[in-house]
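S.K.: Would you mind keeping the following structure in view while I ask a few things?
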Amino acid sequence: MVGYYNLCIDGKTNEAIMETIIHEVGMRDGLQVEKAVVPTDQKIRWIEALILSGVDIVQLGSFVHPGKVPQMADTDQLFAHFSQPGRKARPVTLSGLVLNEKGLERGMTCGVEQFCMGVSASDTHSRKNTGMSTPEATERIMAMAHNAVAAGKAVQVSVQSAFGCGYEGVVPEEKVLEIVRRYLDAGLRTISLADTAGHAIPDQVERLFGSILELDPRAECACHFHDTYGLAMANACAALRCGVKYFEAAFAGLGGCPFTAVAAGNLCTEDFVHLLQRMGRRRDIQLDKLVATASETGQFLRRTLPGTVHRTGPMRDVRPEAQAAQG
């Protein structure tokens, strides 16, 4: 679905035609903090429903040590399952997160179609998440990205803690842009800014993405917002205004990074799709399937989940006769 947004560069606005691509990350970022491990067959049923909903990319998991994140222990199995002919009910890209060379090797073997990898702009968060400093992680990620591209795989690189850090507080924007420049200089143009700690505010979102597009108008920007302080939707709207193309979100608003100071849920997929559809966009996505999956997940986990639309139901258009009565 194509819509018109304002592209923000140096405070100027220009009409631009951009796509809005939904990257569903609930099976990875959504579940990784859940203490109770979800059985593989249940994950498969949720993934099937997400594929049928019409989202564009589904992240099946991350290639991490099962001792550190037990919820991700079956990631290889999930990719192997959905890589079999006929297992995807409709065209969809299957993505996976990798942190190191071993994870990349595993992903290459089991059928990952898009590799997501990144570097934290916060040295403290980088060490807790990967055991490496930011400069060390940058060098390794750059080499991994080149290897994945050489193998014909799609690659999205990211800057984590791009808007602030739960351990360090303010992260200088120039530090974020320094990493972005490294990506762009290497020809890596699908770039995500991740609000790992949930510190982002809308004007900061517009400023950073505007700076990236000023560095290279060919960049395809992606965003990943957490709702730690209730600003994920506001930040997503700011990203829309600036021409961001890829939006990472999790059904039911699940999620949180286990290696940040305060873990909180992601931008909620069905809430964001509901917003887009109220704006006349992405009507091809079946919102009811997302709502049903979110509701089922809440029942499975036996608690009320963060998202809103799966509890309230979507807003319906007012009937003509009701409009006449109100007039």
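As shown in the structure tokens, the chain order sets the letters A, B, ...; within each chain, residues go from 1, and ligands are also counted from 1 in the order they appear.
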Quick one: pick out all alpha helix (DSSP H) residues within segment 127-318 of chain A from a backbone DSSP run and write them as a ChimeraX atom specification.

M.R.: /A:127-130,134-150,173-185,202-215,232-241,269-278,287-301,309-312

S.K.: Can you pull out every residue within 9 Å of Ile22 of chain A, counting only C-alpha atoms, but drop anything in the same chain fewer than 5 positions away, and send it as a ChimeraX atom specification?

M.R.: /A:55-58,245-249,269,273

S.K.: For the interface of segment 11-99 of chain A with segment 295-302 of chain A (cut-off 10 Å, counting only C-alpha atoms), please tabulate each contacting residue of segment 11-99 of chain A alongside its nearest pair of atoms and their separation in Å to one decimal, rows sorted by chain and increasing number, as CSV.

M.R.:
```
residue,atom,partner,partner_atom,distance
A:Glu34,CA,A:Leu301,CA,8.9
A:Ala36,CA,A:Leu301,CA,8.3
A:Val38,CA,A:Leu301,CA,9.0
A:Gln42,CA,A:Phe300,CA,9.5
A:Trp46,CA,A:Thr297,CA,8.4
```

S.K.: With only C-alpha atoms as the counted atoms, please give the residues lying no more than 10 Å from segment 127-142 of chain A, apart from itself and same-chain residues fewer than 5 positions off, as a ChimeraX atom specification.

M.R.: /A:64,98-101,117-122,147,157-159,179,182-183,186,188,257-260

S.K.: Restricting the output to N, CA and C atoms, write the selected residues as a PDB file, in the first residue's frame.

M.R.:
```
ATOM      1  N   VAL A  64      20.770 -17.202  19.471  1.00  0.00           N
ATOM      2  CA  VAL A  64      21.518 -16.913  20.689  1.00  0.00           C
ATOM      3  C   VAL A  64      21.703 -18.214  21.462  1.00  0.00           C
ATOM      4  N   VAL A  98      20.779 -12.089  14.444  1.00  0.00           N
ATOM      5  CA  VAL A  98      22.050 -12.741  14.771  1.00  0.00           C
ATOM      6  C   VAL A  98      22.951 -11.754  15.497  1.00  0.00           C
ATOM      7  N   LEU A  99      23.726 -12.267  16.450  1.00  0.00           N
ATOM      8  CA  LEU A  99      24.615 -11.429  17.243  1.00  0.00           C
ATOM      9  C   LEU A  99      26.082 -11.658  16.923  1.00  0.00           C
ATOM     10  N   ASN A 100      26.389 -12.827  16.346  1.00  0.00           N
ATOM     11  CA  ASN A 100      27.790 -13.171  16.104  1.00  0.00           C
ATOM     12  C   ASN A 100      27.904 -14.122  14.919  1.00  0.00           C
ATOM     13  N   GLU A 101      29.139 -14.509  14.612  1.00  0.00           N
ATOM     14  CA  GLU A 101      29.398 -15.355  13.445  1.00  0.00           C
ATOM     15  C   GLU A 101      28.734 -16.719  13.560  1.00  0.00           C
ATOM     16  N   MET A 117      20.931  -7.578  12.158  1.00  0.00           N
ATOM     17  CA  MET A 117      22.095  -7.535  13.048  1.00  0.00           C
ATOM     18  C   MET A 117      22.395  -6.090  13.362  1.00  0.00           C
ATOM     19  N   GLY A 118      22.991  -5.843  14.520  1.00  0.00           N
ATOM     20  CA  GLY A 118      23.195  -4.455  14.864  1.00  0.00           C
ATOM     21  C   GLY A 118      24.219  -4.226  15.945  1.00  0.00           C
ATOM     22  N   VAL A 119      24.439  -2.954  16.216  1.00  0.00           N
ATOM     23  CA  VAL A 119      25.423  -2.489  17.180  1.00  0.00           C
ATOM     24  C   VAL A 119      24.737  -1.520  18.121  1.00  0.00           C
ATOM     25  N   SER A 120      25.019  -1.625  19.406  1.00  0.00           N
ATOM     26  CA  SER A 120      24.458  -0.672  20.358  1.00  0.00           C
ATOM     27  C   SER A 120      25.339   0.562  20.440  1.00  0.00           C
ATOM     28  N   ALA A 121      24.704   1.732  20.396  1.00  0.00           N
ATOM     29  CA  ALA A 121      25.437   2.991  20.557  1.00  0.00           C
ATOM     30  C   ALA A 121      25.838   3.219  22.004  1.00  0.00           C
ATOM     31  N   SER A 122      25.300   2.406  22.903  1.00  0.00           N
ATOM     32  CA  SER A 122      25.670   2.445  24.317  1.00  0.00           C
ATOM     33  C   SER A 122      26.679   1.344  24.592  1.00  0.00           C
ATOM     34  N   ASN A 147      29.335 -10.759   4.617  1.00  0.00           N
ATOM     35  CA  ASN A 147      29.230 -12.192   4.320  1.00  0.00           C
ATOM     36  C   ASN A 147      27.802 -12.583   3.946  1.00  0.00           C
ATOM     37  N   VAL A 157      20.709  -3.682   9.027  1.00  0.00           N
ATOM     38  CA  VAL A 157      21.620  -3.369  10.126  1.00  0.00           C
ATOM     39  C   VAL A 157      20.960  -2.324  11.015  1.00  0.00           C
ATOM     40  N   SER A 158      21.302  -2.351  12.284  1.00  0.00           N
ATOM     41  CA  SER A 158      20.620  -1.451  13.212  1.00  0.00           C
ATOM     42  C   SER A 158      21.600  -0.776  14.152  1.00  0.00           C
ATOM     43  N   VAL A 159      21.127   0.322  14.717  1.00  0.00           N
ATOM     44  CA  VAL A 159      21.800   0.967  15.842  1.00  0.00           C
ATOM     45  C   VAL A 159      20.853   0.834  17.033  1.00  0.00           C
ATOM     46  N   ILE A 179      27.919   5.491  13.561  1.00  0.00           N
ATOM     47  CA  ILE A 179      27.688   4.091  13.194  1.00  0.00           C
ATOM     48  C   ILE A 179      26.917   4.016  11.878  1.00  0.00           C
ATOM     49  N   ARG A 182      29.132   4.452   8.950  1.00  0.00           N
ATOM     50  CA  ARG A 182      29.890   3.232   8.647  1.00  0.00           C
ATOM     51  C   ARG A 182      29.054   2.291   7.791  1.00  0.00           C
ATOM     52  N   TYR A 183      27.788   2.151   8.137  1.00  0.00           N
ATOM     53  CA  TYR A 183      26.899   1.294   7.356  1.00  0.00           C
ATOM     54  C   TYR A 183      26.758   1.807   5.922  1.00  0.00           C
ATOM     55  N   ALA A 186      29.629   1.360   3.657  1.00  0.00           N
ATOM     56  CA  ALA A 186      29.794  -0.043   3.265  1.00  0.00           C
ATOM     57  C   ALA A 186      28.698  -0.501   2.303  1.00  0.00           C
ATOM     58  N   LEU A 188      25.466  -0.549   2.971  1.00  0.00           N
ATOM     59  CA  LEU A 188      24.346  -1.150   3.712  1.00  0.00           C
ATOM     60  C   LEU A 188      23.316  -0.051   3.948  1.00  0.00           C
ATOM     61  N   CYS A 257      13.739  -6.013  25.845  1.00  0.00           N
ATOM     62  CA  CYS A 257      15.102  -6.543  25.793  1.00  0.00           C
ATOM     63  C   CYS A 257      15.510  -7.029  27.176  1.00  0.00           C
ATOM     64  N   PRO A 258      15.949  -8.294  27.302  1.00  0.00           N
ATOM     65  CA  PRO A 258      16.335  -8.802  28.619  1.00  0.00           C
ATOM     66  C   PRO A 258      17.642  -8.215  29.129  1.00  0.00           C
ATOM     67  N   PHE A 259      18.336  -7.449  28.284  1.00  0.00           N
ATOM     68  CA  PHE A 259      19.641  -6.906  28.667  1.00  0.00           C
ATOM     69  C   PHE A 259      19.622  -5.388  28.807  1.00  0.00           C
ATOM     70  N   THR A 260      18.435  -4.817  29.019  1.00  0.00           N
ATOM     71  CA  THR A 260      18.350  -3.392  29.306  1.00  0.00           C
ATOM     72  C   THR A 260      17.831  -3.209  30.723  1.00  0.00           C
TER      73      THR A 260
END
```

S.K.: Neighbouring residues of Phe63 of chain A were defined as those with any atom within 9 Å, considering only C-alpha atoms; residues of the same chain fewer than 5 positions away were excluded. Please report them as a VMD selection string.

M.R.: chain A and resid 72 to 73 75 to 76 96 to 100 102 to 104 106 to 107

S.K.: Take the residues from that selection and put them in a file with C-alpha atoms, as a CSV table (one decimal), in the first residue's frame.

M.R.:
```
chain,number,residue,atom,x,y,z
A,72,MET,CA,14.9,-18.9,21.5
A,73,ALA,CA,16.2,-22.5,21.7
A,75,THR,CA,14.8,-20.9,16.4
A,76,ASP,CA,16.6,-23.3,14.0
A,96,GLY,CA,16.2,-13.7,12.1
A,97,LEU,CA,18.4,-11.8,14.5
A,98,VAL,CA,22.1,-12.7,14.8
A,99,LEU,CA,24.6,-11.4,17.2
A,100,ASN,CA,27.8,-13.2,16.1
A,102,LYS,CA,28.1,-18.6,15.0
A,103,GLY,CA,24.5,-17.2,14.8
A,104,LEU,CA,25.1,-16.2,11.2
A,106,ARG,CA,23.3,-21.3,11.9
A,107,GLY,CA,20.9,-18.9,10.1
```

S.K.: For the strand (DSSP E or B) assignment from backbone DSSP, which residues of segment 54-201 of chain A qualify? Please present them as a PyMOL selection string.

M.R.: chain A and resi 57-63+93-98+114-120+154-160+165+169+190-195

S.K.: Determine, counting only C-alpha atoms, which protein, DNA and RNA residues have an atom within 7 Å of an atom of Leu305 of chain A; residues of the same chain fewer than 2 positions away are not included. Present the result as a short mmCIF file (atom, residue, chain, number, x, y, z; two decimals) with N, CA and C atoms, in the first residue's frame.

M.R.:
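As a result, part_20.cif now contains:
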```
data_model
loop_
_atom_site.label_atom_id
_atom_site.label_comp_id
_atom_site.auth_asym_id
_atom_site.auth_seq_id
_atom_site.Cartn_x
_atom_site.Cartn_y
_atom_site.Cartn_z
N ALA A 252 0.11 -7.91 20.22
CA ALA A 252 -0.30 -7.73 21.63
C ALA A 252 0.62 -6.80 22.40
N GLY A 253 1.57 -6.14 21.71
CA GLY A 253 2.50 -5.25 22.40
C GLY A 253 3.49 -5.98 23.28
N LEU A 254 3.71 -7.26 22.99
CA LEU A 254 4.63 -8.07 23.79
C LEU A 254 6.05 -7.55 23.69
N GLY A 298 -2.79 -13.83 24.97
CA GLY A 298 -3.11 -13.42 26.33
C GLY A 298 -3.71 -14.56 27.14
N ARG A 303 -2.59 -13.69 31.23
CA ARG A 303 -2.54 -12.33 31.77
C ARG A 303 -3.00 -11.35 30.69
N GLY A 307 -1.19 -4.46 24.55
CA GLY A 307 -1.91 -3.83 23.43
C GLY A 307 -3.32 -3.40 23.80
#
```

S.K.: Which residue out of A:Asp288, A:Arg28, A:Pro172, A:Ala222 has the minimum interatomic distance to Arg311 of chain A when only C-alpha atoms are used?

M.R.: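 Residue with the minimum atom-to-atom distance to Arg311 of chain A: A:Asp288.
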
S.K.: Show me, as a JSON list (two decimals) with C-alpha atoms, in the first residue's frame, the residues that have an atom within 8 Å of His274 of chain A when counting only C-alpha atoms, minus same-chain residues fewer than 5 positions from it.

M.R.:
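Dumped everything to result13.json:
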```json
[["chain", "number", "residue", "atom", "x", "y", "z"],
["A", 287, "LEU", "CA", -6.59, -6.82, 11.34],
["A", 309, "VAL", "CA", -7.17, -2.97, 20.11],
["A", 314, "PRO", "CA", -11.23, -2.01, 16.26]]
```

S.K.: Within 10 Å of segment 197-211 of chain A, which residues of segment 144-163 of chain A come that close, and what is the closest atom pair and distance in Å for each? Count only C-alpha atoms and give it as CSV.

M.R.:
```
residue,atom,partner,partner_atom,distance
A:Gln160,CA,A:Ala197,CA,9.1
A:Ser161,CA,A:Ala197,CA,6.4
A:Ala162,CA,A:Ala200,CA,8.4
A:Phe163,CA,A:Ala200,CA,5.1
```

S.K.: Would you mind listing what lies within 12 Å of Gln59 of chain A as a short mmCIF file (atom, residue, chain, number, x, y, z; two decimals) with N, CA and C atoms, in the first residue's frame, with only C-alpha atoms counted and same-chain residues fewer than 6 positions away left out?

M.R.:
```
data_model
loop_
_atom_site.label_atom_id
_atom_site.label_comp_id
_atom_site.auth_asym_id
_atom_site.auth_seq_id
_atom_site.Cartn_x
_atom_site.Cartn_y
_atom_site.Cartn_z
N ILE A 22 5.39 -3.67 7.36
CA ILE A 22 5.25 -4.14 8.74
C ILE A 22 6.15 -5.35 8.96
N HIS A 23 7.07 -5.21 9.91
CA HIS A 23 8.00 -6.28 10.29
C HIS A 23 7.57 -6.78 11.66
N GLU A 24 6.91 -7.91 11.69
CA GLU A 24 6.38 -8.48 12.93
C GLU A 24 7.50 -9.19 13.69
N VAL A 25 7.81 -8.67 14.91
CA VAL A 25 8.92 -9.21 15.69
C VAL A 25 8.47 -9.87 16.99
N GLY A 26 7.17 -10.11 17.11
CA GLY A 26 6.65 -10.66 18.36
C GLY A 26 7.18 -12.02 18.72
N MET A 27 7.45 -12.86 17.71
CA MET A 27 7.94 -14.20 18.00
C MET A 27 9.37 -14.17 18.54
N ARG A 28 10.07 -13.08 18.32
CA ARG A 28 11.43 -12.94 18.87
C ARG A 28 11.44 -11.96 20.03
N ASP A 29 11.32 -10.68 19.73
CA ASP A 29 11.40 -9.66 20.77
C ASP A 29 10.21 -9.74 21.71
N GLY A 30 9.09 -10.23 21.21
CA GLY A 30 7.91 -10.34 22.04
C GLY A 30 8.02 -11.44 23.09
N LEU A 31 8.59 -12.57 22.70
CA LEU A 31 8.60 -13.73 23.59
C LEU A 31 9.88 -13.91 24.39
N LYS A 43 4.10 -22.05 18.89
CA LYS A 43 4.74 -20.99 18.13
C LYS A 43 4.41 -21.12 16.64
N TRP A 46 0.97 -19.73 15.95
CA TRP A 46 0.95 -18.27 15.95
C TRP A 46 1.61 -17.70 14.70
N ILE A 47 2.71 -18.30 14.29
CA ILE A 47 3.40 -17.82 13.08
C ILE A 47 2.51 -17.99 11.86
N LEU A 50 0.06 -15.21 11.85
CA LEU A 50 0.70 -13.93 11.51
C LEU A 50 0.96 -13.84 10.01
N ILE A 51 1.39 -14.94 9.41
CA ILE A 51 1.62 -14.96 7.97
C ILE A 51 0.31 -14.70 7.24
N MET A 72 14.42 -18.92 22.87
CA MET A 72 14.88 -18.94 21.48
C MET A 72 15.57 -20.25 21.10
N THR A 75 14.75 -21.79 17.56
CA THR A 75 14.75 -20.92 16.38
C THR A 75 15.13 -21.67 15.11
N LEU A 78 12.23 -23.73 13.89
CA LEU A 78 11.15 -22.94 13.29
C LEU A 78 11.49 -22.55 11.85
N PHE A 79 12.71 -22.12 11.63
CA PHE A 79 13.11 -21.77 10.26
C PHE A 79 13.10 -23.00 9.36
N PHE A 82 9.41 -23.72 8.38
CA PHE A 82 8.76 -22.82 7.43
C PHE A 82 9.54 -22.66 6.13
N VAL A 92 5.87 -14.12 2.17
CA VAL A 92 6.28 -13.35 3.33
C VAL A 92 7.77 -13.59 3.53
N THR A 93 8.47 -12.59 4.01
CA THR A 93 9.90 -12.74 4.29
C THR A 93 10.09 -13.19 5.73
N LEU A 94 10.95 -14.19 5.92
CA LEU A 94 11.25 -14.71 7.26
C LEU A 94 12.60 -14.15 7.71
N SER A 95 12.59 -13.38 8.79
CA SER A 95 13.83 -12.76 9.27
C SER A 95 14.29 -13.40 10.56
N GLY A 96 15.59 -13.24 10.83
CA GLY A 96 16.16 -13.74 12.07
C GLY A 96 17.23 -12.79 12.57
N LEU A 97 17.36 -12.69 13.88
CA LEU A 97 18.36 -11.82 14.49
C LEU A 97 19.61 -12.63 14.81
N VAL A 98 20.78 -12.09 14.44
CA VAL A 98 22.05 -12.74 14.77
C VAL A 98 22.95 -11.75 15.50
N VAL A 112 17.16 -18.74 6.88
CA VAL A 112 16.83 -17.33 7.11
C VAL A 112 16.86 -16.58 5.78
N GLU A 113 15.85 -15.76 5.53
CA GLU A 113 15.76 -14.99 4.29
C GLU A 113 16.26 -13.56 4.46
N GLN A 114 16.10 -13.01 5.64
CA GLN A 114 16.63 -11.67 5.94
C GLN A 114 17.32 -11.72 7.29
N PHE A 115 18.58 -11.27 7.29
CA PHE A 115 19.33 -11.22 8.54
C PHE A 115 19.26 -9.83 9.14
N CYS A 116 18.94 -9.79 10.43
CA CYS A 116 18.95 -8.54 11.18
C CYS A 116 20.12 -8.61 12.17
N GLU A 248 8.98 -2.08 12.86
CA GLU A 248 9.01 -3.32 13.64
C GLU A 248 8.01 -3.20 14.79
N ALA A 249 7.19 -4.22 14.95
CA ALA A 249 6.15 -4.20 15.97
C ALA A 249 5.88 -5.62 16.43
N ALA A 250 5.23 -5.76 17.57
CA ALA A 250 4.94 -7.08 18.13
C ALA A 250 3.46 -7.20 18.45
N PHE A 251 2.87 -8.31 18.04
CA PHE A 251 1.45 -8.53 18.33
C PHE A 251 1.22 -8.49 19.84
#
```

S.K.: Calculated over only C-alpha atoms, which of the candidates A:Gly280, A:Pro66, A:Pro217, A:Gly230 has the smallest distance to Val244 of chain A?

M.R.: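 The answer is A:Pro217, which sits nearest to Val244 of chain A.
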
S.K.: Find the residue from A:Glu19, A:Glu214, A:Asp195, A:Asp185 that sits nearest to Gly243 of chain A; use only C-alpha atoms when measuring.

M.R.: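 Of A:Glu19, A:Glu214, A:Asp195, A:Asp185, the one nearest Gly243 of chain A is A:Glu19, counting only C-alpha atoms.
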
S.K.: So what do you get for atom CA of Glu168 of chain A versus atom CA of Thr124 of chain A, distance-wise?

M.R.: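 Separation of atom CA of Glu168 of chain A and atom CA of Thr124 of chain A: 7.1 Å.
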
S.K.: Report the distance between atom CA of Ser126 of chain A and atom CA of Gly164 of chain A in Å, rounded to one decimal place.

M.R.: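 We find that atom CA of Ser126 of chain A and atom CA of Gly164 of chain A lie 12.8 Å from each other.
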
S.K.: Let me make sure I understand: among A:Thr109, A:Asp74, A:Ser83, A:Lys175, which one has the smallest atom-to-atom distance to Asp123 of chain A if we use only C-alpha atoms?

M.R.: A:Lys175

S.K.: Quick one: distance from atom CA of Gly265 of chain A to atom CA of Cys165 of chain A in Å, one decimal?

M.R.: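 Result for atom CA of Gly265 of chain A versus atom CA of Cys165 of chain A: 15.8 Å, one decimal.
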
S.K.: Looking at only C-alpha atoms, which of A:Arg278, A:His125, A:His65, A:Glu270 is the one that sits closest to Gly169 of chain A?

M.R.: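 Answer, going by the shortest atom-to-atom distance: A:His125.
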